[in-house]
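Listing of coords-v4.pdb; format and content: PDB, C-alpha atoms.
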ATOM      1  CA  MET A 182     124.426  21.464  98.687
ATOM      2  CA  ASN A 183     126.781  21.936  95.749
ATOM      3  CA  PHE A 184     126.192  18.494  94.264
ATOM      4  CA  LEU A 185     127.349  19.392  90.753
ATOM      5  CA  ALA A 186     130.730  20.746  91.839
ATOM      6  CA  HIS A 187     131.378  17.707  94.033
ATOM      7  CA  ALA A 188     130.305  15.360  91.221
ATOM      8  CA  TRP A 189     132.687  17.044  88.778
ATOM      9  CA  LEU A 190     135.617  16.750  91.164
ATOM     10  CA  ALA A 191     134.819  13.071  91.857
ATOM     11  CA  ARG A 192     133.903  11.986  88.331
ATOM     12  CA  GLY A 193     137.173  10.091  87.755
ATOM     13  CA  GLY A 194     136.460   7.692  90.606
ATOM     14  CA  SER A 195     134.239   4.639  90.777
ATOM     15  CA  ASP A 196     130.463   4.848  91.000
ATOM     16  CA  GLU A 197     130.709   4.019  94.709
ATOM     17  CA  PHE A 198     133.184   6.867  95.215
ATOM     18  CA  LEU A 199     130.985   9.295  93.266
ATOM     19  CA  TYR A 200     127.924   8.215  95.257
ATOM     20  CA  GLY A 201     129.803   8.885  98.517
ATOM     21  CA  ASN A 202     130.571  12.401  97.332
ATOM     22  CA  LEU A 203     126.916  13.003  96.446
ATOM     23  CA  ILE A 204     125.465  11.855  99.765
ATOM     24  CA  ALA A 205     128.164  13.144 102.129
ATOM     25  CA  ASP A 206     126.137  16.113 103.386
ATOM     26  CA  GLY A 207     123.606  13.620 104.723
ATOM     27  CA  VAL A 208     126.153  11.589 106.692
ATOM     28  CA  LYS A 209     126.928  12.547 110.286
ATOM     29  CA  GLY A 210     130.021  11.765 112.303
ATOM     30  CA  SER A 211     133.512  10.511 111.599
ATOM     31  CA  ASP A 212     132.810   6.788 111.961
ATOM     32  CA  LEU A 213     132.196   5.616 108.398
ATOM     33  CA  SER A 214     132.710   1.911 109.080
ATOM     34  CA  ALA A 215     129.084   1.124 108.192
ATOM     35  CA  TRP A 216     129.687   2.286 104.609
ATOM     36  CA  PRO A 217     131.441   0.339 101.836
ATOM     37  CA  VAL A 218     135.095   1.351 101.539
ATOM     38  CA  GLU A 219     134.721   3.309  98.289
ATOM     39  CA  VAL A 220     131.594   5.121  99.495
ATOM     40  CA  ALA A 221     133.391   6.089 102.714
ATOM     41  CA  SER A 222     136.329   7.299 100.633
ATOM     42  CA  GLY A 223     133.929   9.477  98.633
ATOM     43  CA  ILE A 224     132.422  10.926 101.805
ATOM     44  CA  ARG A 225     135.893  11.795 103.086
ATOM     45  CA  HIS A 226     136.816  13.368  99.739
ATOM     46  CA  HIS A 227     133.678  15.526  99.858
ATOM     47  CA  ARG A 228     134.645  16.699 103.333
ATOM     48  CA  ARG A 229     138.194  17.532 102.201
ATOM     49  CA  VAL A 230     136.752  19.632  99.366
ATOM     50  CA  ASP A 231     134.467  21.453 101.798
ATOM     51  CA  ALA A 232     137.333  22.141 104.200
ATOM     52  CA  PHE A 233     139.559  23.433 101.399
ATOM     53  CA  VAL A 234     136.833  25.698 100.016
ATOM     54  CA  ASP A 235     135.741  27.002 103.432
ATOM     55  CA  GLY A 236     139.318  27.985 104.236
ATOM     56  CA  HIS A 237     140.060  29.630 100.893
ATOM     57  CA  PRO A 238     140.612  33.436 100.904
ATOM     58  CA  VAL A 239     138.036  33.819  98.106
ATOM     59  CA  ILE A 240     135.326  32.540 100.436
ATOM     60  CA  HIS A 241     136.333  34.940 103.189
ATOM     61  CA  SER A 242     136.209  37.802 100.679
ATOM     62  CA  ALA A 243     132.781  36.806  99.386
ATOM     63  CA  ARG A 244     131.332  36.414 102.875
ATOM     64  CA  SER A 245     132.706  39.807 103.905
ATOM     65  CA  ARG A 246     130.631  41.422 101.138
ATOM     66  CA  ALA A 247     127.381  39.787 102.254
ATOM     67  CA  PRO A 248     124.972  41.665 104.528
ATOM     68  CA  GLN A 249     126.470  41.404 108.002
ATOM     69  CA  THR A 250     123.298  40.143 109.668
ATOM     70  CA  LEU A 251     123.007  37.298 107.152
ATOM     71  CA  ARG A 252     126.618  36.087 107.006
ATOM     72  CA  ARG A 253     125.794  32.999 109.038
ATOM     73  CA  TYR A 254     123.762  31.752 106.047
ATOM     74  CA  THR A 255     126.062  32.736 103.196
ATOM     75  CA  GLY A 256     127.822  29.359 103.006
ATOM     76  CA  ILE A 257     124.654  27.631 101.827
ATOM     77  CA  ALA A 258     123.877  30.330  99.275
ATOM     78  CA  LEU A 259     127.452  30.317  97.986
ATOM     79  CA  ASP A 260     127.385  26.529  97.560
ATOM     80  CA  LEU A 261     124.456  26.877  95.176
ATOM     81  CA  MET A 262     126.098  29.783  93.382
ATOM     82  CA  TRP A 263     129.193  27.648  92.766
ATOM     83  CA  ASP A 264     126.959  24.989  91.210
ATOM     84  CA  HIS A 265     125.419  27.693  89.024
ATOM     85  CA  PHE A 266     128.829  28.779  87.784
ATOM     86  CA  VAL A 267     129.982  25.177  87.301
ATOM     87  CA  ALA A 268     126.845  24.528  85.233
ATOM     88  CA  ARG A 269     127.659  27.581  83.119
ATOM     89  CA  GLN A 270     131.294  26.467  82.770
ATOM     90  CA  LEU A 271     130.081  23.065  81.539
ATOM     91  CA  GLN A 272     127.493  24.693  79.230
ATOM     92  CA  LEU A 273     124.668  22.610  80.653
ATOM     93  CA  ASP A 274     122.138  24.806  78.863
ATOM     94  CA  VAL A 275     123.556  23.539  75.557
ATOM     95  CA  VAL A 276     124.165  19.836  76.102
ATOM     96  CA  GLU A 277     122.860  17.084  78.359
ATOM     97  CA  SER A 278     125.686  16.035  80.654
ATOM     98  CA  ARG A 279     126.722  12.389  80.883
ATOM     99  CA  LEU A 280     128.029  13.134  84.370
ATOM    100  CA  VAL A 281     124.670  14.492  85.517
ATOM    101  CA  LEU A 282     122.874  11.460  84.072
ATOM    102  CA  ARG A 283     125.380   9.192  85.858
ATOM    103  CA  CYS A 284     124.628  10.981  89.147
ATOM    104  CA  TYR A 285     120.887  10.628  88.636
ATOM    105  CA  HIS A 286     121.276   6.923  87.857
ATOM    106  CA  LEU A 287     123.235   6.371  91.068
ATOM    107  CA  LEU A 288     120.743   8.327  93.163
ATOM    108  CA  GLU A 289     117.826   6.385  91.682
ATOM    109  CA  GLN A 290     119.533   3.037  92.308
ATOM    110  CA  ARG A 291     120.208   3.476  96.008
ATOM    111  CA  PRO A 292     118.571   5.462  98.803
ATOM    112  CA  ALA A 293     120.219   8.555 100.231
ATOM    113  CA  PRO A 294     120.740   8.925 103.999
ATOM    114  CA  ALA A 295     117.718  10.090 105.971
ATOM    115  CA  ARG A 296     118.754  13.762 105.965
ATOM    116  CA  LEU A 297     118.685  13.774 102.143
ATOM    117  CA  ALA A 298     116.098  11.071 101.512
ATOM    118  CA  LEU A 299     113.240  13.436 100.697
ATOM    119  CA  MET A 300     115.274  15.874  98.631
ATOM    120  CA  MET A 301     117.198  13.504  96.348
ATOM    121  CA  PRO A 302     114.191  12.127  94.415
ATOM    122  CA  VAL A 303     113.020  15.711  93.816
ATOM    123  CA  LEU A 304     116.517  16.744  92.685
ATOM    124  CA  VAL A 305     116.509  13.939  90.108
ATOM    125  CA  GLU A 306     112.884  14.299  88.992
ATOM    126  CA  GLN A 307     113.151  18.066  88.507
ATOM    127  CA  ASP A 308     116.660  17.872  86.981
ATOM    128  CA  TRP A 309     118.226  20.388  89.344
ATOM    129  CA  LEU A 310     121.807  19.781  88.216
ATOM    130  CA  HIS A 311     121.165  20.830  84.609
ATOM    131  CA  ARG A 312     118.844  23.629  85.714
ATOM    132  CA  TYR A 313     121.440  25.275  87.963
ATOM    133  CA  VAL A 314     122.742  26.908  84.783
ATOM    134  CA  ASP A 315     119.700  29.220  85.073
ATOM    135  CA  PHE A 316     120.412  31.903  87.679
ATOM    136  CA  ASP A 317     116.705  32.425  88.412
ATOM    137  CA  PHE A 318     116.336  28.712  89.144
ATOM    138  CA  THR A 319     119.401  28.844  91.401
ATOM    139  CA  CYS A 320     117.854  31.720  93.352
ATOM    140  CA  ARG A 321     114.609  29.762  93.703
ATOM    141  CA  ALA A 322     116.638  26.837  95.036
ATOM    142  CA  VAL A 323     118.306  29.143  97.582
ATOM    143  CA  ARG A 324     114.891  30.359  98.743
ATOM    144  CA  GLY A 325     113.564  26.789  98.829
ATOM    145  CA  ILE A 326     116.341  25.584 101.106
ATOM    146  CA  GLY A 327     115.656  28.573 103.355
ATOM    147  CA  GLN A 328     112.069  27.395 103.727
ATOM    148  CA  ARG A 329     113.319  24.108 105.201
ATOM    149  CA  LEU A 330     115.211  25.883 107.965
ATOM    150  CA  SER A 331     113.512  26.951 111.163
ATOM    151  CA  GLY A 332     112.618  30.601 111.641
ATOM    152  CA  PRO A 333     112.480  33.365 109.039
ATOM    153  CA  ASN A 334     113.778  32.563 105.568
ATOM    154  CA  ARG A 335     117.200  34.204 105.844
ATOM    155  CA  LEU A 336     118.381  32.567 102.630
ATOM    156  CA  ALA A 337     115.601  34.312 100.724
ATOM    157  CA  GLU A 338     116.863  37.564 102.237
ATOM    158  CA  LEU A 339     120.281  36.841 100.711
ATOM    159  CA  VAL A 340     118.972  36.627  97.131
ATOM    160  CA  PRO A 341     119.095  40.409  96.502
ATOM    161  CA  TRP A 342     122.766  40.318  97.490
ATOM    162  CA  LEU A 343     123.424  37.412  95.114
ATOM    163  CA  GLU A 344     121.796  39.424  92.337
ATOM    164  CA  ALA A 345     123.650  42.652  93.142
ATOM    165  CA  ASP A 346     127.053  40.990  93.615
ATOM    166  CA  TYR A 347     126.734  38.535  90.704
ATOM    167  CA  ALA A 348     129.770  39.901  88.823
ATOM    168  CA  GLY A 349     131.906  39.812  91.973
ATOM    169  CA  LEU A 350     130.821  36.258  92.783
ATOM    170  CA  GLU A 351     131.609  35.174  89.238
ATOM    171  CA  LYS A 352     135.133  36.578  89.634
ATOM    172  CA  ASP A 353     135.423  34.739  92.951
ATOM    173  CA  PHE A 354     134.449  31.500  91.206
ATOM    174  CA  GLN A 355     136.995  32.078  88.448
ATOM    175  CA  ARG A 356     139.708  32.249  91.122
ATOM    176  CA  LEU A 357     138.368  29.477  93.329
ATOM    177  CA  TRP A 358     137.433  26.767  90.840
ATOM    178  CA  PRO A 359     140.861  26.226  89.232
ATOM    179  CA  ALA A 360     142.437  26.093  92.696
ATOM    180  CA  VAL A 361     139.946  23.448  93.838
ATOM    181  CA  ASN A 362     140.478  21.430  90.655
ATOM    182  CA  ASP A 363     144.257  21.564  91.007
ATOM    183  CA  GLU A 364     144.101  20.464  94.627
ATOM    184  CA  LEU A 365     141.249  17.953  94.791
ATOM    185  CA  GLU A 366     140.024  16.738  91.405
ATOM    186  CA  VAL A 367     139.990  12.938  91.036
ATOM    187  CA  THR A 368     140.529  11.726  87.465
ATOM    188  CA  ASP A 369     141.264   8.425  85.776
ATOM    189  CA  THR A 370     144.731   9.622  84.845
ATOM    190  CA  GLY A 371     145.674  11.403  88.062
ATOM    191  CA  LYS A 372     145.334  14.856  89.519
ATOM    192  CA  GLY A 373     144.977  17.933  87.364
ATOM    193  CA  SER A 374     142.737  20.748  86.304
ATOM    194  CA  SER A 375     140.325  20.129  83.454
ATOM    195  CA  PHE A 376     137.332  22.033  82.132
ATOM    196  CA  ASN A 377     136.384  19.586  79.383
ATOM    197  CA  ARG A 378     132.676  18.951  79.133
ATOM    198  CA  PRO A 379     131.678  15.756  80.966
TER     199      PRO A 379
END

Before we go any further, please render this structure as structure tokens.
Amino acid sequence: MNFLAHAWLARGGSDEFLYGNLIADGVKGSDLSAWPVEVASGIRHHRRVDAFVDGHPVIHSARSRAPQTLRRYTGIALDLMWDHFVARQLQLDVVESRLVLRCYHLLEQRPAPARLALMMPVLVEQDWLHRYVDFDFTCRAVRGIGQRLSGPNRLAELVPWLEADYAGLEKDFQRLWPAVNDELEVTDTGKGSSFNRP
């Protein structure tokens, strides 16, 4: 669910490529032949980012600090926390982001896959990507996603841990984010880490 982080990493590509990165969580399976080439390329890039992040030692460290009974759900909560820290890095409480507006324009122009179809209009209308800079909003988003899952809201149960371990998670992000940028950022001029405001 970390749309902002994926958008930042994909911002140097075409609109089709960026759109593929934004909707990848709603696409099932490995057969992407039904999608335009650039959209399929964006979906694959999103999946490479996810695989890199999931295998990174920082993620294993963060998950090990989560309550043991809730570790199955930490990946979702951490995704939203990374968007929170990206939003802070980009100072989205100070300036309206051209990248965020580009994402919203793309998501308004074309429908998202069924699994995301109901959420995407809400994400745009309520301006989630700018609002992730607010930690309280991020925690509400974590709880909200938990409400969509079957059974008790385990994501809501993780919020006290996110609050208590905020400083540790911020340090995790400061280690993780440059590594992800160095490995997987797509820019107009080639690969490389950059924290310039979009």

Residue neighbourhood Gly207 (chain A), 7 Å, only C-alpha atoms, exclusion window fewer than 4 positions, as a PyMOL selection string:
chain A and resi 294-297

Rounded to one decimal place, report the CA of Asn362 (chain A)-CA of Trp263 (chain A) distance in Å.
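It comes out at 13.1 Å.
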
Selection near Val367 (chain A), 12 Å with all atoms listed in the file, sequence-local residues under 4 positions removed, as JSON, numbers by chain
{"A": [187, 188, 189, 190, 191, 192, 193, 194, 195, 198, 199, 202, 222, 223, 226, 227, 230, 361, 362, 363, 371, 372, 373, 374, 375]}

When you look at Val220 (chain A) with a cut-off of 7 Å (counting only C-alpha atoms), what residues show up, excluding the ones that are within fewer than 5 positions of it in the same chain? I need them as a count of residues only.
4

Residues around (123.9, 45.5, 97.9), cut-off 9 Å, counting all atoms listed in the file - what are they as a list in words?
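Selection result: Arg246, Ala247, Pro248, Pro341, Trp342, Leu343, Glu344, Ala345 and Asp346 of chain A.
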
I need the output of the PyMOL selection byres ((chain A and resi 275) around 12) for this file as an MDAnalysis selection string; which residues are they?
chainID A and resid 268:274 276:278 311:312 314:315 378
